[in-house]
Amino acid sequence: MKIDNYLLGHWSNKFQAQSCPHQYSTVEIEWKKIEGGYHSKNYYREDGPDKPYRERYHKLVVKSETKVQFENYDLNWTKSKNCDMIFVFDGNAWHGQLIGDKCTGVRGYRVVSEIHLYGDKLHSMDQGYNAGGEMMWGSELLYKFTRI
């Protein structure tokens with residue numbers, strides 16, 4: 001099953017955030033296909049799309065019918081070292097995670113990320129860890145998005 005059908009679109013966790021506002025921020029994610037690849041943008045609803053906290057370009061590398069890799073790039077198309085994600089289709093959903101444990105993000109924190117794509121739902125969790133192994137940002141809970 002083509003991953004585009006599961007990934008592309010505008011996503012929000014509004015329902016989750018409204019049901020538990022002390023635990024979840026309201027976040028929106030946009031995934032679009034563009035010339036040369038894909039564009040993703042994550043932002044807090046209150047900040048709006050012009051102030052994303054994460055914005056990236058991506059290229060898709062098809063490994064098989066049930067396995068794909070997304071290469072991650074900065075907005076100037078400079079490849080982000082060690083931050084590619086591998087997705088595997090289990091017959092119902094695509095499950096993605098970073099390849100290895102060498103991806104670094106803001107302030108050099110080691111990034112841990114996972115995404116689960118169910119067609120009408122996108123679940124994700126991102127975390128940043130310092131050199132001592134302490135989580136400095138992110139959530140230990142999955143953020144649950146629906147397409148809007």
# chains A, B, ... in the order shown; residues from 1 in each chain; ligands from 1

$ residues_around --residues "Val61 of chain A" --least-positions-apart "6" --cutoff "7 Å" --atoms "only C-alpha atoms" --output "MDAnalysis selection string"
chainID A and resid 68:70

$ write_last_selection --atoms "C-alpha atoms" --output "tab-separated table (two decimals), in the first residue's frame"
chain	number	residue	atom	x	y	z
A	68	VAL	CA	10.36	2.69	2.63
A	69	GLN	CA	12.92	5.15	3.90
A	70	PHE	CA	12.41	8.89	4.28

$ residues_around --residues "Tyr73 of chain A" --least-positions-apart "6" --cutoff "8 Å" --atoms "only C-alpha atoms" --output "list in words"
Arg56, Tyr57, His58, Lys79 and Ser80 of chain A

$ write_last_selection --atoms "all heavy atoms" --output "tab-separated table (two decimals), in the first residue's frame"
chain	number	residue	atom	x	y	z
A	56	ARG	N	10.75	20.58	7.51
A	56	ARG	CA	11.79	19.78	6.84
A	56	ARG	C	11.36	19.45	5.41
A	56	ARG	O	10.18	19.47	5.08
A	56	ARG	CB	12.01	18.44	7.56
A	56	ARG	CG	12.06	18.47	9.05
A	56	ARG	CD	13.32	18.96	9.63
A	56	ARG	NE	14.37	17.98	9.45
A	56	ARG	CZ	15.65	18.28	9.46
A	56	ARG	NH1	16.04	19.49	9.62
A	56	ARG	NH2	16.55	17.35	9.30
A	57	TYR	N	12.36	19.08	4.62
A	57	TYR	CA	12.13	18.44	3.32
A	57	TYR	C	12.53	16.98	3.46
A	57	TYR	O	13.37	16.64	4.31
A	57	TYR	CB	12.96	19.10	2.22
A	57	TYR	CG	12.50	20.49	1.84
A	57	TYR	CD1	13.42	21.51	1.68
A	57	TYR	CD2	11.15	20.77	1.62
A	57	TYR	CE1	13.01	22.79	1.31
A	57	TYR	CE2	10.73	22.04	1.26
A	57	TYR	CZ	11.67	23.04	1.10
A	57	TYR	OH	11.27	24.29	0.74
A	58	HIS	N	11.96	16.16	2.59
A	58	HIS	CA	12.20	14.72	2.65
A	58	HIS	C	12.24	14.14	1.24
A	58	HIS	O	11.57	14.66	0.33
A	58	HIS	CB	11.08	14.00	3.42
A	58	HIS	CG	10.70	14.67	4.69
A	58	HIS	ND1	11.31	14.39	5.89
A	58	HIS	CD2	9.77	15.63	4.96
A	58	HIS	CE1	10.77	15.14	6.84
A	58	HIS	NE2	9.84	15.89	6.29
A	79	LYS	N	21.32	17.54	3.59
A	79	LYS	CA	20.90	16.29	4.24
A	79	LYS	C	21.20	16.33	5.73
A	79	LYS	O	22.26	16.75	6.16
A	79	LYS	CB	21.60	15.09	3.62
A	79	LYS	CG	21.05	13.76	4.13
A	79	LYS	CD	21.13	12.72	3.07
A	79	LYS	CE	20.64	11.36	3.43
A	79	LYS	NZ	20.08	11.08	4.70
A	80	SER	N	20.22	15.92	6.52
A	80	SER	CA	20.40	15.81	7.98
A	80	SER	C	21.04	14.47	8.26
A	80	SER	O	20.42	13.43	8.04
A	80	SER	CB	19.04	15.90	8.69
A	80	SER	OG	18.44	17.13	8.44

$ residues_around --residues "His123 of chain A" --least-positions-apart "6" --cutoff "12 Å" --atoms "only C-alpha atoms" --output "ChimeraX atom specification"
/A:6-7,11-13,16,27,29,93-97,113-117,141-147

$ closest_residue --among "A:Ile3, A:Ile99, A:Met125, A:Leu75" --to "Ser40 of chain A" --atoms "only C-alpha atoms"
A:Leu75

$ select_by_dssp --residues "chain A" --states "alpha helix (DSSP H)" --output "PDB file with N, CA and C atoms, in the first residue's frame"
ATOM      1  N   ASP A   4       1.933   7.358   0.646  1.00  0.00           N
ATOM      2  CA  ASP A   4       1.331   8.680   0.450  1.00  0.00           C
ATOM      3  C   ASP A   4      -0.118   8.713   0.930  1.00  0.00           C
ATOM      4  N   ASN A   5      -0.859   7.639   0.685  1.00  0.00           N
ATOM      5  CA  ASN A   5      -2.265   7.585   1.093  1.00  0.00           C
ATOM      6  C   ASN A   5      -2.421   7.662   2.611  1.00  0.00           C
ATOM      7  N   TYR A   6      -1.399   7.284   3.337  1.00  0.00           N
ATOM      8  CA  TYR A   6      -1.433   7.257   4.798  1.00  0.00           C
ATOM      9  C   TYR A   6      -0.846   8.518   5.413  1.00  0.00           C
ATOM     10  N   LEU A   7       0.038   9.192   4.692  1.00  0.00           N
ATOM     11  CA  LEU A   7       0.835  10.279   5.265  1.00  0.00           C
ATOM     12  C   LEU A   7       0.387  11.679   4.863  1.00  0.00           C
ATOM     13  N   LYS A  14      -6.351  18.051  17.962  1.00  0.00           N
ATOM     14  CA  LYS A  14      -7.263  18.922  18.698  1.00  0.00           C
ATOM     15  C   LYS A  14      -8.143  18.156  19.685  1.00  0.00           C
ATOM     16  N   PHE A  15      -8.704  17.039  19.264  1.00  0.00           N
ATOM     17  CA  PHE A  15      -9.607  16.294  20.147  1.00  0.00           C
ATOM     18  C   PHE A  15      -8.869  15.746  21.362  1.00  0.00           C
ATOM     19  N   GLN A  16      -7.670  15.231  21.143  1.00  0.00           N
ATOM     20  CA  GLN A  16      -6.860  14.718  22.248  1.00  0.00           C
ATOM     21  C   GLN A  16      -6.487  15.849  23.210  1.00  0.00           C
ATOM     22  N   ALA A  17      -6.058  16.979  22.655  1.00  0.00           N
ATOM     23  CA  ALA A  17      -5.635  18.106  23.491  1.00  0.00           C
ATOM     24  C   ALA A  17      -6.803  18.693  24.274  1.00  0.00           C
ATOM     25  N   GLN A  18      -7.971  18.755  23.661  1.00  0.00           N
ATOM     26  CA  GLN A  18      -9.135  19.291  24.367  1.00  0.00           C
ATOM     27  C   GLN A  18      -9.588  18.370  25.494  1.00  0.00           C
ATOM     28  N   SER A  19      -9.399  17.067  25.306  1.00  0.00           N
ATOM     29  CA  SER A  19      -9.835  16.132  26.345  1.00  0.00           C
ATOM     30  C   SER A  19      -8.836  16.053  27.496  1.00  0.00           C
TER      31      SER A  19
END

$ residues_around --residues "Glu55 of chain A" --least-positions-apart "2" --cutoff "12 Å" --atoms "only C-alpha atoms" --output "MDAnalysis selection string"
chainID A and resid 28:32 38:43 49:53 57:58 72:77

$ closest_residue --among "A:Thr78, A:Gly138, A:Cys20, A:Glu71" --to "Leu98 of chain A" --atoms "only C-alpha atoms"
A:Glu71

$ atom_distance --atom1 "atom CA of Gln127 of chain A" --atom2 "atom CA of Ile86 of chain A"
17.2 Å
